[in-house]
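Engineer: Quick one: this structure, given as structure tokens, is what I'll be asking you about.
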There are 6 protein chains.
Amino acid sequence: MQDATLDLFARAGWKITLSSRSYVPTIDDTEIECLLIRAQEMARYVESGALDAGITGHDWVVETGAAVEELSELIYAKQRLARVRWVLAVPEASAIRGPRDLQGKVIATEVVRITQDYLARHGVQARVEFSWGATEVKVPQLADAIVEVTETGSSLRANRLRIVDTVLESATVFIMNRSAAADSWKREKAESLILMLQGAIAAASKVGLLLNVHRDDLQAVLGVLPALKKPTISALSDPDWVAINTIVEEAVVRQILPKLKAAKAQGIVEYPLNKIVL
Amino acid sequence: MQDATLDLFARAGWKITLSSRSYVPTIDDTEIECLLIRAQEMARYVESGALDAGITGHDWVVETGAAVEELSELIYAKQRLARVRWVLAVPEASAIRGPRDLQGKVIATEVVRITQDYLARHGVQARVEFSWGATEVKVPQLADAIVEVTETGSSLRANRLRIVDTVLESATVFIMNRSAAADSWKREKAESLILMLQGAIAAASKVGLLLNVHRDDLQAVLGVLPALKKPTISALSDPDWVAINTIVEEAVVRQILPKLKAAKAQGIVEYPLNKIVL
Amino acid sequence: MQDATLDLFARAGWKITLSSRSYVPTIDDTEIECLLIRAQEMARYVESGALDAGITGHDWVVETGAAVEELSELIYAKQRLARVRWVLAVPEASAIRGPRDLQGKVIATEVVRITQDYLARHGVQARVEFSWGATEVKVPQLADAIVEVTETGSSLRANRLRIVDTVLESATVFIMNRSAAADSWKREKAESLILMLQGAIAAASKVGLLLNVHRDDLQAVLGVLPALKKPTISALSDPDWVAINTIVEEAVVRQILPKLKAAKAQGIVEYPLNKIVL
Amino acid sequence: MQDATLDLFARAGWKITLSSRSYVPTIDDTEIECLLIRAQEMARYVESGALDAGITGHDWVVETGAAVEELSELIYAKQRLARVRWVLAVPEASAIRGPRDLQGKVIATEVVRITQDYLARHGVQARVEFSWGATEVKVPQLADAIVEVTETGSSLRANRLRIVDTVLESATVFIMNRSAAADSWKREKAESLILMLQGAIAAASKVGLLLNVHRDDLQAVLGVLPALKKPTISALSDPDWVAINTIVEEAVVRQILPKLKAAKAQGIVEYPLNKIVL
Amino acid sequence: MQDATLDLFARAGWKITLSSRSYVPTIDDTEIECLLIRAQEMARYVESGALDAGITGHDWVVETGAAVEELSELIYAKQRLARVRWVLAVPEASAIRGPRDLQGKVIATEVVRITQDYLARHGVQARVEFSWGATEVKVPQLADAIVEVTETGSSLRANRLRIVDTVLESATVFIMNRSAAADSWKREKAESLILMLQGAIAAASKVGLLLNVHRDDLQAVLGVLPALKKPTISALSDPDWVAINTIVEEAVVRQILPKLKAAKAQGIVEYPLNKIVL
Amino acid sequence: MQDATLDLFARAGWKITLSSRSYVPTIDDTEIECLLIRAQEMARYVESGALDAGITGHDWVVETGAAVEELSELIYAKQRLARVRWVLAVPEASAIRGPRDLQGKVIATEVVRITQDYLARHGVQARVEFSWGATEVKVPQLADAIVEVTETGSSLRANRLRIVDTVLESATVFIMNRSAAADSWKREKAESLILMLQGAIAAASKVGLLLNVHRDDLQAVLGVLPALKKPTISALSDPDWVAINTIVEEAVVRQILPKLKAAKAQGIVEYPLNKIVL
């Protein structure tokens with residue numbers, strides 16, 4: 001998560017530099033001091049006020065029970081700050097089919113409290129063991145089931161585990177200490193940071209499209225463009241033609257570009273973006 | 001070739017993901033299933049219909065004699081999908097000066113059929129030995145000459161080999177199975193893919209240029225720009241000035257930029273492109 | 001410095017290719033031949049005319065006393081061609097507080113002449129020992145003080161050294177042989193090269209901003225933009241709106257983007273640049 | 001610790017093979033099944049009987065309070081299974097000088113129970129926070145002191161921390177489940193394993209010395225050899241000479257070898273050992 | 001196979017040095033010139049007399065049908081020159097249970113001739129396709145079955161393939177050209193090489209054991225030692241004791257060492273070996 | 001040279017540990033303090049008495065003109081502390097055939113003084129330029145000839161350079177400050193160090209041979225063994241047999257082992273050595 005976070009800040013406009021001789025990074029903003037702390041510990045230190053704000057997973061806010069404010073999700077799919085699920089998983093051949101089958105079993109997990117809450121919701125009693133890592137190797141020798149985090153499930157499948165249920169959905173969140181959030185200067189600073197982070201996140205999955213079109217073909221071309229945001233149409237020196245500049249999801253370009261060509265758009269150019277605030 | 005191909009698809013808009021636990025990559029397009037196959041084998045599997053389409057070298061289509069349709073060359077110079085030559089090469093000190101001197105000699109090569117066809121065209125008889133790789137080390141101990149692929153010849157020169165003749169020119173090609181090419185849906189899908197791949201290829205060697213120019217200097221500035229494609233000229237709020245947006249080969253920027261400045265263009269900006277469909 | 005220089009030339013439009021089998025790189029410009037030479041030796045070979053021009057540090061021009069022409073500084077902060085200082089440094093606990101305290105001491109350094117000139121300026125006599133590297137380890141066992149290059153001083157601090165004085169400030173410079181500089185073709189070629197290198201350097205720390213704004217909000221939005229260069233304002237097909245395209249320092253985006261949004265700018269997009277000649 | 005343990009088993013005569021596709025290693029002994037488990041978790045699983053025996057640190061036996069039998073220490077200095085200390089450490093400039101100064105402070109550590117026991121022994125109350133790692137970066141921003149493991153203290157010094165007190169000494173231990181230890185077959189198997197592991201450990205810091213000596217010089221030579229174990233003296237075909245074969249600590253060879261030469265020993269040869277059972 | 005072969009030669013006493021600038025290695029024996037050639041091609045070049053001798057797999061001798069003399073197997077388990085099998089494998093869910101089920105199917109393999117011979121032996125007709133590598137990915141999309149090499153089968157299982165039958169067993173072999181083998185000098189040189197290679201191979205899995213024993217315990221101790229080879233028993237200066245020096249398989253040390261100790265052997269030392277010729 | 005030196009000390013019995021946070025290594029001998037200094041600078045610091053002793057090349061003693069005592073050569077062929085030559089080299093096609101042809105030329109080298117002395121010995125005047133490295137690339141563009149260090153000449157040949165003459169032969173040497181060498185304690189310590197270093201060097205190219213032989217075959221077997229040092233012949237419990245233990249050059253084992261077998265030696269075992277003082 002560290003590299004993804006540093007990359008995200010860099011794209012947002014803050015350069016955080018790690019030193020091989022110190023664990024305290026430097027940041028090129030005299031209004032901010034920062035520390036690298038594990039996601040698991042962040043919420044607790046933000047709650048206690050040792051830190052004003054932090055980036056961690058929603059799951060760890062729940063697991064630690066920290067009373068902090070979650071200001072914004074930061075779903076940065078390009079760089080592994082994606083949405084994840086904590087799932088109940090068992091060996092492919094296990095008889096466990098649902099939470100009820102856990103009665104009296106041993107469950108290994110990094111999120112003991114989340115798992116206990118889940119069991120309580122289903123009125124089931126089981127032993128939950130804290131796992132320091134490599135949880136998926138603990139079944140079946142050391143545990144009957146695990147509660148483990150997954151994005152696509154492929155790592156679990158590769159270990160021949162079967163997902164039984166989703167225990168908690170989570171995403172990266174920007175959290176604030178409650179007192180700090182009530183301080184207007186700190187709040188505004190945090191909002192600016194989030195605006196830039198979201199601007200960088202938005203840009204990572206989008207691209208700019210430039211194209212020229214004869215006024216006769218304008219409606220046809222506009223019909224092809226997604227309705228995400230009104231495109232910018234500018235006058236050219238040749239009054240019969242206009243230029244269109246628009247922002248689209250990178251993933252749809254391969255669908256609309258052939259249609260744009262068919263609709264007689266000319267000089268179609270896709271260019272990369274750093275940040276977007278629409 | 002694998003990395004270059006994956007990179008090209010990524011630029012074209014398709015994300016192909018390799019898994020360390022499986023040789024079947026995933027692609028983010030539900031209409032496509034893909035396999036990673038060596039260039040040498042691709043044409044045969046496309047010919048048999050096991051695959052509808054593939055990307056390989058023209059050389060391997062010839063070598064395997066596969067009856068497939070070559071839809072488009074994909075010359076992606078930036079990432080090693082460049083045009084190549086299979087050449088006849090001999091040690092610097094060899095007496096062999098042309099194909100006629102091969103009579104009765106031993107030739108090592110990865111392309112046995114192409115080499116035999118070449119010998120037949122020159123009416124020469126020689127023994128052609130299949131080489132599994134490191135062909136250039138086979139002369140003079142194990143063979144008298146080799147037929148080897150080269151882009152610039154520098155690797156051959158470094159091995160103190162002399163190029164005698166070009167046997168076959170080749171480039172990366174998009175091939176289709178003949179039945180699949182006759183299926184209108186598959187053909188259209190392939191054409192879209194090629195459009196996007198060519199769009200990405202075109203963008204890789206080109207850049208966008210933005211500049212402002214006073215109307216008095218417009219003709220002088222336009223005279224400097226390459227005639228590749230009519231530039232987009234747009235009106236500015238100051239009616240004496242126009243903005244020009246144009247696409248040029250990256251390689252010529254260093255020549256035209258000093259001239260643009262001399263012609264009084266202002267605010268000249270070069271920006272990168274993802275795709276171009278002119 | 002080599003990687004930074006090659007990267008800078010690549011961004012400027014010249015591709016220099018190193019070969020694992022030769023120390024003479026190739027460059028894709030038939031008017032240029034190039035050699036990779038250590039910064040320390042460059043000035044001397046440019047002075048003697050073995051080379052027409054070179055890129056080295058101002059410090060090495062001074063150290064070698066080479067009579068060359070310094071045409072332009074190339075401060076390329078993104079890639080380590082930054083401005084540096086040669087400093088006099090001593091162990092934290094040393095009694096040396098200024099140049100006068102060096103009388104009779106031993107100083108280790110890579111820049112013997114620069115150090116001797118510095119001592120002469122302060123009327124101090126001391127033994128200056130040439131150090132082949134790892135100079136900071138030489139105090140206190142082998143020397144009383146060192147003269148060493150530093151950018152931020154952090155490496156010196158990590159070695160528990162204290163900076164006493166700045167001996168020389170330096171930056172990367174483009175130098176020319178005096179006769180070559182008097183040759184108009186060579187001079188012009190050098191100027192073109194510098195124009196492109198500076199264009200690439202300028203672009204590395206800047207970005208493009210595109211935004212749409214209602215004519216009623218135009219003055220407010222323009223008030224937020226830095227006065228670096230007049231922004232390009234273009235007419236849109238909707239006469240009430242204009243589009244603004246401008247170049248700003250990347251480092252200020254995080255400050256002005258929230259203000260642009262507050263001033264009702266819409267569709268704000270930041271995009272990367274390759275080169276700028278304003 | 002994993003590599004050191006695998007290396008130790010390899011030297012002892014058991015080859016444990018990790019697979020990139022599975023977390024369950026294979027071992028070339030049909031009487032043993034093995035699992036790789038973190039040191040922190042080992043004692044608990046041995047206590048519960050999920051495992052019959054394990055290798056972990058004495059510290060983790062204490063921290064988890066697991067009721068297991070510690071059969072043997074395995075101090076394998078060559079490969080990082082050395083004796084370690086958990087120490088109370090504070091920033092160099094801290095006012096904390098002893099356990100009493102911790103009253104009301106925040107202590108970050110991976111060993112919460114060990115730290116709480118330590119505080120209780122000194123009648124001090126303080127908040128102990130669980131740290132997931134990088135504990136030394138937590139002072140002074142997030143904690144007033146830490147309890148951290150160290151071998152030589154150099155990492156703590158490098159972080160400018162001062163060691164205040166030793167909280168617990170620890171070493172790698174071979175532990176057994178109590179029921180398993182009472183099973184004679186399992187106990188004997190464990191004893192054999194320990195014998196071989198200790199044999200490999202002993203050999204890692206010792207070497208063999210072979211030398212010839214004239215009977216007249218025998219007492220002088222024997223006087224130089226350490227009294228560790230009676231050397232093996234064998235008859236040679238020349239009755240005036242004997243050969244000595246002995247095992248000595250590698251670290252003392254540099255001291256005794258010059259003395260052996262002075263005492264007229266001849267043909268002195270030092271050779272490496274795999275295992276020793278004296 | 002290359003690293004294992006070079007390592008084996010190094011252990012046998014010949015240093016083969018690869019150069020980054022040449023594919024022809026140097027060897028420190030003026031009577032030998034050597035070339036690095038792929039295992040697949042070796043037999044053919046030895047057959048033709050371009051080479052006098054070579055090291056390759058028995059499988060490639062069979063596949064190429066080369067008429068060469070196989071002088072000795074070189075089973076070097078420590079370094080991957082192990083015994084291997086070419087097996088017929090199919091997807092886990094395939095209906096193919098034996099060679100008869102292959103009728104009319106497609107088989108992908110690197111060993112086309114071996115596979116065709118196998119089919120002929122079973123009176124089955126199937127299409128055999130040459131595979132350039134990554135053969136296990138070819139089922140089920142491109143082939144119905146594969147013939148692939150395996151040592152333990154684990155890679156096949158990881159690809160969810162089922163082994164149906166063994167097609168050919170193979171091992172590394174030292175081969176000679178028939179004329180060269182009839183030349184007494186070359187034959188003797190080859191025999192010396194093989195003697196040393198086998199000496200290094202034998203030593204790789206064996207160790208030396210030294211121990212002292214009282215004459216009263218000698219029979220008991222000898223009873224524990226494997227009967228591989230009569231141990232060397234030497235007289236000590238103390239006539240009641242003897243020293244035993246013997247060579248045993250490394251894999252059995254862990255079994256006999258506890259027994260030796262129980263039989264009152266003293267000063268037991270295991271030491272490594274370079275070569276053995278018993 | 002650093003790795004080779006550390007390795008040599010480790011084999012000799014001194015463990016020198018580098019720290020990533022300090023350039024001053026630690027050594028496990030309280031009587032020694034050590035520093036890592038470049039070979040080029042060592043002699044000067046030993047001469048000045050900043051260091052009592054050092055390991056460097058004889059070439060750098062000559063180049064710096066340092067008045068130090070050279071106690072012993074350390075030719076450690078296994079680990080790159082080999083004997084080397086500084087040679088005069090020119091491009092293959094150069095007209096320079098001997099030192100006389102250098103009159104008026106430019107010579108690039110790292111050893112300016114050695115080169116000037118060489119020129120003076122031949123009564124030739126030429127410009128000698130100090131080269132900071134990559135000297136072989138300096139011809140023909142920047143220099144007419146170079147004086148460069150080489151072990152086998154292969155790097156020079158690869159650069160298409162021709163060796164004209166040997167300027168200086170050199171080897172690694174153990175040097176001492178003259179006052180320190182006159183101090184009996186320091187001198188003795190240095191002699192012990194050299195004894196152990198030489199013991200480790202000798203062992204690196206030698207091995208031990210153990211073999212049993214019937215008394216009837218003893219003379220034949222002894223006739224095969226090199227006369228390097230009288231082998232140790234020990235009595236076995238079977239009076240008809242003796243055991244031989246001897247030290248031989250590893251490089252000759254491949255020659256004598258077949259002969260030993262032919263002479264009826266039995267149970268031949270080659271084992272590795274750590275140190276030898278014969």
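We name chains A, B, ... following the order of the structure tokens; residues begin at 1 in each chain, and ligands are numbered from 1 as shown.
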Within 10 Å of chain A, which residues of chain D are there when counting only C-alpha atoms? Please give them as a PyMOL selection string.
Structural biologist: chain D and resi 21-24+35-41+44-45+48-51+129-138+141-143+158-159
Engineer: If you keep N, CA, C and O atoms, can you produce a file of those selected residues as a compact mmCIF listing (two decimals), in the first residue's frame?
Structural biologist:
```txt
# COMPACT_ATOMS: atom_id res chain seq x y z
N ARG D 21 4.47 -22.59 -5.30
CA ARG D 21 3.03 -22.74 -5.47
C ARG D 21 2.32 -23.25 -4.22
O ARG D 21 1.13 -23.53 -4.23
N SER D 22 3.05 -23.48 -3.14
CA SER D 22 2.40 -23.99 -1.94
C SER D 22 3.18 -23.51 -0.74
O SER D 22 4.39 -23.31 -0.79
N TYR D 23 2.48 -23.28 0.37
CA TYR D 23 3.18 -22.85 1.57
C TYR D 23 3.57 -24.02 2.46
O TYR D 23 4.12 -23.84 3.52
N VAL D 24 3.23 -25.24 2.04
CA VAL D 24 3.58 -26.41 2.84
C VAL D 24 4.86 -27.00 2.26
O VAL D 24 4.86 -27.55 1.16
N LEU D 35 5.45 -27.62 8.63
CA LEU D 35 4.78 -26.40 8.21
C LEU D 35 5.68 -25.22 8.54
O LEU D 35 6.38 -25.24 9.54
N LEU D 36 5.62 -24.21 7.71
CA LEU D 36 6.33 -22.96 8.02
C LEU D 36 5.36 -22.03 8.74
O LEU D 36 4.35 -21.63 8.15
N ILE D 37 5.65 -21.71 9.96
CA ILE D 37 4.77 -20.84 10.74
C ILE D 37 5.62 -19.75 11.36
O ILE D 37 6.77 -19.97 11.72
N ARG D 38 5.07 -18.55 11.46
CA ARG D 38 5.84 -17.46 12.07
C ARG D 38 6.22 -17.81 13.49
O ARG D 38 5.45 -18.43 14.22
N ALA D 39 7.37 -17.34 13.89
CA ALA D 39 7.86 -17.57 15.24
C ALA D 39 6.83 -17.16 16.28
O ALA D 39 6.64 -17.83 17.30
N GLN D 40 6.12 -16.05 15.99
CA GLN D 40 5.16 -15.54 16.96
C GLN D 40 4.01 -16.51 17.22
O GLN D 40 3.40 -16.50 18.28
N GLU D 41 3.68 -17.32 16.21
CA GLU D 41 2.50 -18.17 16.33
C GLU D 41 2.85 -19.60 16.73
O GLU D 41 1.96 -20.39 17.07
N ARG D 44 1.89 -21.32 20.29
CA ARG D 44 0.46 -21.56 20.52
C ARG D 44 0.00 -22.83 19.83
O ARG D 44 -0.79 -23.60 20.36
N TYR D 45 0.47 -23.03 18.58
CA TYR D 45 0.02 -24.22 17.85
C TYR D 45 0.67 -25.49 18.41
O TYR D 45 0.10 -26.57 18.33
N SER D 48 -1.39 -26.29 21.57
CA SER D 48 -2.72 -26.87 21.29
C SER D 48 -2.62 -28.27 20.73
O SER D 48 -3.62 -28.96 20.60
N GLY D 49 -1.43 -28.69 20.36
CA GLY D 49 -1.29 -30.04 19.81
C GLY D 49 -1.48 -30.11 18.30
O GLY D 49 -1.38 -31.17 17.70
N ALA D 50 -1.77 -28.96 17.68
CA ALA D 50 -1.84 -28.96 16.21
C ALA D 50 -0.49 -29.38 15.64
O ALA D 50 -0.39 -29.98 14.57
N LEU D 51 0.57 -29.05 16.36
CA LEU D 51 1.93 -29.47 16.00
C LEU D 51 2.55 -30.19 17.20
O LEU D 51 2.29 -29.82 18.35
N GLU D 129 1.29 -0.20 23.86
CA GLU D 129 0.59 -0.27 22.57
C GLU D 129 1.24 -1.33 21.70
O GLU D 129 2.46 -1.36 21.53
N PHE D 130 0.43 -2.17 21.11
CA PHE D 130 0.95 -3.19 20.20
C PHE D 130 1.45 -2.53 18.92
O PHE D 130 0.73 -1.73 18.30
N SER D 131 2.64 -2.87 18.50
CA SER D 131 3.23 -2.31 17.29
C SER D 131 3.42 -3.43 16.27
O SER D 131 3.99 -4.47 16.57
N TRP D 132 2.96 -3.20 15.06
CA TRP D 132 3.07 -4.23 14.02
C TRP D 132 4.43 -4.25 13.35
O TRP D 132 4.64 -4.96 12.39
N GLY D 133 5.33 -3.43 13.77
CA GLY D 133 6.64 -3.40 13.12
C GLY D 133 7.14 -1.98 13.04
O GLY D 133 6.40 -1.04 13.37
N ALA D 134 8.39 -1.80 12.60
CA ALA D 134 9.00 -0.47 12.53
C ALA D 134 8.84 0.26 13.84
O ALA D 134 8.57 1.46 13.87
N THR D 135 8.98 -0.47 14.93
CA THR D 135 8.72 0.11 16.24
C THR D 135 9.65 1.28 16.53
O THR D 135 9.25 2.27 17.16
N GLU D 136 10.89 1.20 16.05
CA GLU D 136 11.85 2.25 16.43
C GLU D 136 11.50 3.61 15.85
O GLU D 136 11.99 4.63 16.33
N VAL D 137 10.64 3.66 14.85
CA VAL D 137 10.24 4.96 14.30
C VAL D 137 9.13 5.59 15.14
O VAL D 137 8.75 6.73 14.92
N LYS D 138 8.60 4.87 16.09
CA LYS D 138 7.41 5.35 16.82
C LYS D 138 7.75 6.38 17.88
O LYS D 138 6.88 7.09 18.37
N GLN D 141 7.36 10.55 18.28
CA GLN D 141 6.05 11.09 17.87
C GLN D 141 4.88 10.29 18.45
O GLN D 141 3.89 10.85 18.86
N LEU D 142 4.96 8.96 18.43
CA LEU D 142 3.81 8.15 18.77
C LEU D 142 3.94 7.43 20.10
O LEU D 142 2.98 6.88 20.62
N ALA D 143 5.15 7.36 20.64
CA ALA D 143 5.34 6.68 21.92
C ALA D 143 6.52 7.34 22.63
O ALA D 143 7.36 7.99 22.02
N ALA D 158 21.75 3.44 15.49
CA ALA D 158 21.63 4.12 14.21
C ALA D 158 20.36 4.97 14.17
O ALA D 158 20.28 5.97 13.47
N ASN D 159 19.33 4.57 14.91
CA ASN D 159 18.11 5.36 15.01
C ASN D 159 18.19 6.37 16.15
O ASN D 159 17.18 6.94 16.53
```
Engineer: Enumerate as a PyMOL selection string all residues of region 145-225 of chain D assigned to helix (DSSP H, G or I) by DSSP on the backbone, naming them with the chain letters and numbers the document uses.
Structural biologist: chain D and resi 154-158+178-182+184-204+215-224
Engineer: Write out as a list in words which residues come within 8 Å of region 218-227 of chain F when counting only C-alpha atoms, dropping same-chain ones fewer than 6 positions away.
Structural biologist: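 Non-adjacent residues within range: Val248, Ile256, Lys259, Leu260, Ala263, Lys264 and Ala265 of chain F.
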Engineer: Could the residues in this selection be saved with C-alpha atoms as a PDB file, in the first residue's frame?
Structural biologist:
```pdb
ATOM      1  CA  VAL F 248      48.316 -31.558  -3.661  1.00  0.00           C
ATOM      2  CA  ILE F 256      47.181 -38.094 -10.833  1.00  0.00           C
ATOM      3  CA  LYS F 259      47.258 -42.934 -12.149  1.00  0.00           C
ATOM      4  CA  LEU F 260      46.628 -43.564  -8.450  1.00  0.00           C
ATOM      5  CA  ALA F 263      48.592 -48.054  -9.118  1.00  0.00           C
ATOM      6  CA  LYS F 264      45.934 -49.857  -6.990  1.00  0.00           C
ATOM      7  CA  ALA F 265      45.285 -47.107  -4.466  1.00  0.00           C
TER       8      ALA F 265
END
```
Engineer: So that I can check the surroundings of Asp101 (chain A), please list as a VMD selection string every protein, DNA and RNA residue that reaches within 12 Å of it, counting only C-alpha atoms and ignoring chain neighbours fewer than 3 positions away.
Structural biologist: chain A and resid 88 90 94 to 98 104 to 107 119 122 to 126 144 to 145 164 to 165
